[in-house]
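Raw contents of query08.txt, compact mmCIF, C-alpha atoms and all ligand atoms:
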```txt
# COMPACT_ATOMS: atom_id res chain seq x y z
CA MET O 21 1.98 -219.54 62.18
CA LYS O 22 5.48 -218.44 63.20
CA ASN O 23 8.40 -220.31 61.70
CA ASN O 24 11.05 -219.39 64.29
CA ILE O 25 14.06 -219.61 62.02
CA VAL O 26 17.53 -219.21 63.55
CA LEU O 27 20.45 -218.32 61.26
CA ALA O 28 23.89 -218.91 62.81
CA LEU O 29 26.52 -216.43 61.62
CA THR O 30 30.30 -216.61 61.99
CA LYS O 31 31.59 -213.53 63.79
CA GLY O 32 34.31 -211.45 62.16
CA ARG O 33 34.77 -210.98 58.44
CA ILE O 34 32.11 -213.53 57.44
CA LEU O 35 29.54 -211.71 59.61
CA ARG O 36 30.46 -208.33 58.08
CA GLU O 37 30.13 -209.72 54.55
CA SER O 38 26.92 -211.64 55.40
CA LEU O 39 24.97 -208.57 56.53
CA PRO O 40 24.66 -206.95 53.07
CA LEU O 41 23.57 -210.33 51.61
CA LEU O 42 20.91 -210.62 54.31
CA ALA O 43 19.82 -207.01 53.79
CA ASP O 44 19.35 -207.70 50.08
CA ALA O 45 17.18 -210.68 51.07
CA GLY O 46 15.11 -208.35 53.30
CA VAL O 47 16.58 -209.33 56.69
CA GLU O 48 18.27 -206.79 58.96
CA PRO O 49 19.29 -207.01 62.65
CA ALA O 50 16.87 -205.14 64.93
CA GLU O 51 19.84 -203.38 66.54
CA PRO O 52 23.37 -202.60 65.29
CA ILE O 53 25.49 -205.75 65.75
CA ASP O 54 28.62 -203.71 66.56
CA ALA O 55 26.87 -201.94 69.44
CA THR O 56 25.57 -204.99 71.29
CA ARG O 57 26.99 -207.90 73.29
CA LYS O 58 23.86 -209.94 72.61
CA LEU O 59 24.53 -213.28 70.93
CA LEU O 60 20.96 -213.95 69.77
CA LEU O 61 19.49 -211.02 67.88
CA ALA O 62 16.01 -210.26 66.66
CA THR O 63 15.63 -208.99 63.10
CA ASN O 64 13.11 -206.84 61.25
CA HIS O 65 11.54 -210.16 60.23
CA GLU O 66 9.46 -211.58 63.09
CA ASP O 67 10.28 -215.19 62.11
CA ILE O 68 14.08 -214.84 61.86
CA LYS O 69 16.72 -214.54 64.59
CA LEU O 70 20.49 -214.32 64.18
CA ALA O 71 22.93 -216.24 66.43
CA ILE O 72 26.49 -214.84 66.49
CA LEU O 73 29.02 -217.65 66.96
CA ARG O 74 32.63 -218.71 66.56
CA GLY O 75 33.03 -220.35 63.15
CA ALA O 76 33.97 -223.75 64.54
CA ASP O 77 30.68 -223.85 66.48
CA VAL O 78 28.37 -222.96 63.57
CA PRO O 79 28.19 -226.52 62.10
CA THR O 80 27.41 -227.93 65.57
CA TYR O 81 24.46 -225.55 66.12
CA VAL O 82 23.08 -226.38 62.67
CA LYS O 83 23.70 -230.12 62.92
CA TYR O 84 21.74 -230.41 66.19
CA GLY O 85 18.96 -228.13 64.92
CA ALA O 86 19.59 -225.36 67.48
CA ALA O 87 19.99 -223.23 64.35
CA ASP O 88 18.17 -223.99 61.11
CA LEU O 89 20.76 -222.34 58.88
CA GLY O 90 24.37 -221.25 59.15
CA ILE O 91 26.95 -219.24 57.25
CA VAL O 92 30.46 -220.62 57.72
CA GLY O 93 33.79 -220.88 55.89
CA LYS O 94 34.50 -223.94 53.76
CA ASP O 95 37.71 -224.29 55.80
CA VAL O 96 35.65 -224.96 58.93
CA LEU O 97 33.45 -227.51 57.14
CA LEU O 98 36.50 -229.36 55.83
CA GLU O 99 38.38 -229.25 59.12
CA TYR O 100 35.55 -230.22 61.49
CA GLY O 101 33.40 -232.24 59.06
CA SER O 102 30.03 -231.51 57.50
CA GLU O 103 28.34 -234.82 58.24
CA GLY O 104 24.60 -234.42 58.81
CA LEU O 105 24.54 -230.98 57.18
CA TYR O 106 23.18 -229.88 53.83
CA GLU O 107 25.50 -227.42 52.04
CA ALA O 108 22.93 -225.36 50.15
CA ALA O 109 25.06 -222.73 48.45
CA ASP O 110 28.46 -221.17 47.95
CA LEU O 111 27.71 -217.56 48.91
CA GLY O 112 30.90 -216.27 47.30
CA ILE O 113 31.78 -214.08 50.30
CA ALA O 114 34.84 -213.95 52.57
CA CYS O 115 36.89 -215.49 49.76
CA CYS O 116 40.50 -216.34 50.59
CA ARG O 117 42.99 -219.16 50.17
CA LEU O 118 44.29 -221.79 52.54
CA MET O 119 48.05 -221.78 52.00
CA THR O 120 51.37 -222.96 53.25
CA ALA O 121 53.72 -220.09 54.08
CA GLY O 122 57.05 -219.49 55.74
CA ILE O 123 60.32 -217.58 55.79
CA PRO O 124 61.96 -217.29 52.32
CA ASN O 125 64.89 -219.69 51.73
CA ARG O 126 64.57 -221.15 55.22
CA VAL O 127 62.74 -224.39 54.50
CA SER O 128 64.70 -227.56 53.84
CA ASN O 129 63.27 -230.28 51.57
CA VAL O 130 64.79 -233.07 53.59
CA GLY O 131 63.64 -234.48 56.89
CA THR O 132 60.46 -233.96 58.83
CA LEU O 133 58.74 -230.60 58.40
CA ARG O 134 57.31 -228.91 61.48
CA VAL O 135 53.97 -227.30 60.52
CA ALA O 136 52.04 -224.90 62.75
CA THR O 137 48.30 -224.65 62.09
CA LYS O 138 44.83 -224.72 63.53
CA PHE O 139 43.73 -226.80 60.51
CA VAL O 140 45.15 -230.08 61.77
CA ASN O 141 43.02 -232.47 59.70
CA ILE O 142 43.33 -230.58 56.40
CA THR O 143 47.09 -230.22 56.93
CA ARG O 144 47.58 -233.90 57.72
CA GLU O 145 45.65 -234.89 54.59
CA TYR O 146 47.45 -232.38 52.35
CA PHE O 147 50.98 -233.42 53.32
CA GLY O 148 49.94 -237.09 53.52
CA LYS O 149 48.90 -237.00 49.85
CA LYS O 150 52.28 -235.48 48.97
CA GLY O 151 54.01 -238.22 50.93
CA LYS O 152 55.74 -235.61 53.09
CA GLN O 153 56.55 -236.44 56.70
CA ILE O 154 55.39 -233.69 59.10
CA ASP O 155 55.01 -232.91 62.78
CA ILE O 156 51.98 -230.73 63.48
CA VAL O 157 52.10 -227.96 66.08
CA LYS O 158 48.48 -227.09 66.94
CA LEU O 159 47.94 -223.37 67.50
CA TYR O 160 44.77 -221.30 67.86
CA GLY O 161 45.76 -217.99 66.19
CA ALA O 162 48.60 -215.60 65.31
CA LEU O 163 50.14 -218.44 63.32
CA GLU O 164 52.50 -216.08 61.50
CA LEU O 165 54.56 -215.81 64.66
CA ALA O 166 55.48 -219.50 64.74
CA PRO O 167 58.21 -219.50 62.03
CA LEU O 168 59.66 -216.26 63.42
CA MET O 169 60.02 -217.82 66.85
CA ASP O 170 61.41 -221.12 65.47
CA LEU O 171 58.33 -222.96 66.66
CA ALA O 172 57.64 -224.22 63.13
CA ASP O 173 59.20 -224.42 59.65
CA VAL O 174 55.97 -223.49 57.87
CA ILE O 175 52.40 -222.55 58.68
CA VAL O 176 49.10 -223.56 57.10
CA ASP O 177 46.73 -220.60 57.35
CA LEU O 178 44.12 -218.51 55.54
CA VAL O 179 45.55 -215.80 53.32
CA ASP O 180 43.39 -212.96 52.03
CA THR O 181 45.32 -209.79 51.13
CA GLY O 182 48.67 -211.29 52.19
CA ASP O 183 49.27 -208.27 54.44
CA THR O 184 49.72 -210.34 57.61
CA LEU O 185 52.30 -212.58 55.92
CA ARG O 186 54.21 -209.57 54.51
CA ALA O 187 54.12 -207.66 57.80
CA ASN O 188 55.81 -210.62 59.47
CA GLY O 189 58.42 -211.30 56.79
CA LEU O 190 56.75 -214.48 55.48
CA ILE O 191 55.87 -215.47 51.92
CA PRO O 192 53.14 -217.76 50.59
CA PHE O 193 54.37 -221.11 49.23
CA GLU O 194 51.57 -223.37 47.99
CA GLU O 195 47.81 -222.99 47.74
CA ILE O 196 46.00 -225.89 49.39
CA LEU O 197 42.40 -224.81 48.71
CA PRO O 198 40.37 -221.79 47.65
CA ILE O 199 37.93 -220.90 50.47
CA SER O 200 34.58 -219.08 50.55
CA SER O 201 31.57 -219.00 52.86
CA ARG O 202 28.83 -221.59 52.53
CA LEU O 203 25.17 -221.60 53.50
CA ILE O 204 24.51 -224.76 55.51
CA VAL O 205 21.10 -226.09 56.49
CA ASN O 206 19.77 -228.54 59.08
CA LYS O 207 18.26 -231.49 57.20
CA ALA O 208 15.17 -231.81 59.43
CA SER O 209 14.52 -228.06 59.17
CA ILE O 210 14.39 -228.30 55.39
CA ARG O 211 11.68 -230.96 55.64
CA GLN O 212 9.68 -229.29 58.40
CA LYS O 213 9.90 -225.65 57.33
CA THR O 214 10.07 -226.04 53.55
CA PRO O 215 7.55 -223.34 52.51
CA PHE O 216 9.43 -220.69 54.45
CA LEU O 217 13.02 -221.93 54.20
CA LEU O 218 13.31 -222.73 50.50
CA PRO O 219 12.44 -219.22 49.24
CA PHE O 220 14.76 -217.72 51.88
CA ILE O 221 17.63 -220.05 50.89
CA ASP O 222 16.96 -219.24 47.22
CA SER O 223 17.02 -215.50 47.86
CA LEU O 224 20.38 -215.75 49.69
CA ALA O 225 21.90 -218.17 47.19
CA LYS O 226 20.82 -216.20 44.11
CA LEU O 227 22.31 -212.96 45.28
CA ASN O 228 25.95 -213.82 44.67
C1 LIG O 301 43.22 -214.45 59.37
C2 LIG O 301 44.33 -215.42 59.03
C3 LIG O 301 45.51 -214.52 58.81
C4 LIG O 301 44.88 -213.25 58.25
C5 LIG O 301 45.03 -213.24 56.76
O1 LIG O 301 43.33 -214.15 60.71
O2 LIG O 301 44.52 -216.35 60.08
O3 LIG O 301 46.20 -214.25 60.00
O4 LIG O 301 43.48 -213.30 58.57
O5 LIG O 301 44.50 -212.05 56.21
P1 LIG O 301 45.40 -211.15 55.24
O6 LIG O 301 46.03 -212.04 54.22
O7 LIG O 301 44.41 -210.18 54.63
O8 LIG O 301 46.42 -210.43 56.08
P2 LIG O 301 42.15 -213.49 61.53
O9 LIG O 301 42.30 -212.02 61.50
O10 LIG O 301 40.84 -214.01 61.05
O11 LIG O 301 42.46 -213.97 63.00
P3 LIG O 301 42.93 -215.40 63.58
O12 LIG O 301 44.41 -215.29 63.79
O13 LIG O 301 42.16 -215.54 64.84
O14 LIG O 301 42.57 -216.47 62.58
```
Would it be possible to restate this file's structure as structure tokens?
Ligand code: PRP
Amino acid sequence: MKNNIVLALTKGRILRESLPLLADAGVEPAEPIDATRKLLLATNHEDIKLAILRGADVPTYVKYGAADLGIVGKDVLLEYGSEGLYEAADLGIACCRLMTAGIPNRVSNVGTLRVATKFVNITREYFGKKGKQIDIVKLYGALELAPLMDLADVIVDLVDTGDTLRANGLIPFEEILPISSRLIVNKASIRQKTPFLLPFIDSLAKLN
């Protein structure tokens, strides 16, 4: 009997770092991911397909069972919620930090801080706990530009090497959270496809 497992992957760095993990677990795309525009890919394993998605959409596909499994950043799970999902493992890939950052010596401690971010919920909670009054400017990317253009006093963004901050004259201020990629699973899939899914989850989770 075929199991028809769909694994939703987050395109970009998480996808690149997921492929070696999958290969070690015996799963490889049937065609090179870089050379195709296909969004649903067959693999060398007849039961497993890969869906290539934007990170923010991965939890939705898994929650509704369109995908059985997903690999997504902890930042996405915290920002958009992980209700209805089972977080099976920290895969220890795509590690980075969610940080506040800005122009050195430019930020005043008094008054309302204007914060540019795409992580609106995490940012509101973080500054709320500190008792700091903020206005949030919601952006969708290239956050480092916002302080340079006087759109914001600080940004809340993912920092990996710090190269993007440095290249734009910004410095990191405070770490909000360490981030890594998580393996998430649809709860009904675990019950219905246990004999196939559990060993596969174990093989992915054990490899880090
Ligand atoms: C992420 C993040 C930073 C950059 C950090 O952006 O938003 O801009 O990577 O990496 P670094 O510290 O190694 O320079 P990404 O390239 O994922 O694009 P995005 O702006 O769409 O988030």
Neighbouring residues of Gly75 in chain O were defined as those with any atom within 8 Å, considering all atoms listed in the file; residues of the same chain fewer than 4 positions away were excluded. Please report them as a list in words. Leu29, Thr30, Lys31, Pro79, Val92, Gly93 and Val96 of chain O
With only C-alpha atoms and all ligand atoms as the basis for distance, which of O:Leu185, O:Leu203, O:Ile34, O:Leu105 is at the shortest distance from ligand LIG 301 (chain O)?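 Closest candidate: O:Leu185.
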Have a look at CA of Pro49 in chain O and CA of Ile25 in chain O and let me know their distance in Å, one decimal. 13.7 Å
Residues at most 9 Å from ligand LIG 301 (chain O), using all atoms listed in the file? Could they come as a PDB file with C-alpha atoms, keeping the file's coordinate frame?
```pdb
ATOM      1  CA  GLY O  32      34.310-211.450  62.160  1.00  0.00           C
ATOM      2  CA  ARG O  33      34.770-210.980  58.440  1.00  0.00           C
ATOM      3  CA  CYS O 116      40.500-216.340  50.590  1.00  0.00           C
ATOM      4  CA  ARG O 117      42.990-219.160  50.170  1.00  0.00           C
ATOM      5  CA  LYS O 138      44.830-224.720  63.530  1.00  0.00           C
ATOM      6  CA  TYR O 160      44.770-221.300  67.860  1.00  0.00           C
ATOM      7  CA  GLY O 161      45.760-217.990  66.190  1.00  0.00           C
ATOM      8  CA  ALA O 162      48.600-215.600  65.310  1.00  0.00           C
ATOM      9  CA  LEU O 163      50.140-218.440  63.320  1.00  0.00           C
ATOM     10  CA  GLU O 164      52.500-216.080  61.500  1.00  0.00           C
ATOM     11  CA  ASP O 177      46.730-220.600  57.350  1.00  0.00           C
ATOM     12  CA  LEU O 178      44.120-218.510  55.540  1.00  0.00           C
ATOM     13  CA  VAL O 179      45.550-215.800  53.320  1.00  0.00           C
ATOM     14  CA  ASP O 180      43.390-212.960  52.030  1.00  0.00           C
ATOM     15  CA  THR O 181      45.320-209.790  51.130  1.00  0.00           C
ATOM     16  CA  GLY O 182      48.670-211.290  52.190  1.00  0.00           C
ATOM     17  CA  ASP O 183      49.270-208.270  54.440  1.00  0.00           C
ATOM     18  CA  THR O 184      49.720-210.340  57.610  1.00  0.00           C
ATOM     19  CA  LEU O 185      52.300-212.580  55.920  1.00  0.00           C
ATOM     20  CA  ARG O 186      54.210-209.570  54.510  1.00  0.00           C
ATOM     21  CA  ALA O 187      54.120-207.660  57.800  1.00  0.00           C
TER      22      ALA O 187
END
```
I'd like the box whose edges run along x, y and z of the file and which contains every listed atom of range 147-163 of chain O, padded by 4 Å per side; could you state its centre and edge lengths in Å, one decimal, as lines of an AutoDock Vina configuration file?
```
center_x = 50.7
center_y = -226.9
center_z = 58.4
size_x = 19.8
size_y = 30.6
size_z = 26.9
```
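With only C-alpha atoms as the atoms that count, the residue of O:Gly101, O:Pro124, O:Phe193, O:Val174 with the shortest distance to Thr137 in chain O is O:Val174.
Take the candidates O:Glu107, O:Asp88, O:Asp155, O:Glu37 and check each one against Val135 in chain O using all atoms listed in the file; the shortest distance goes to O:Asp155.
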Shortest interatomic distance to Val47 in chain O - which of O:Ala166, O:Leu171, O:Leu224, O:Leu159, counting all atoms listed in the file: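 Of O:Ala166, O:Leu171, O:Leu224, O:Leu159, the one nearest Val47 in chain O is O:Leu224, counting all atoms listed in the file.
Around the point (25.5, -214.7, 71.0), within 12 Å and counting all atoms listed in the file, we find these residues: Val26, Leu27, Ala28, Leu29, Thr30, Lys31, Ile53, Thr56, Arg57, Lys58, Leu59, Leu60, Leu61, Ala62, Lys69, Leu70, Ala71, Ile72, Leu73, Arg74, Asp77, Val78 and Tyr81 of chain O.
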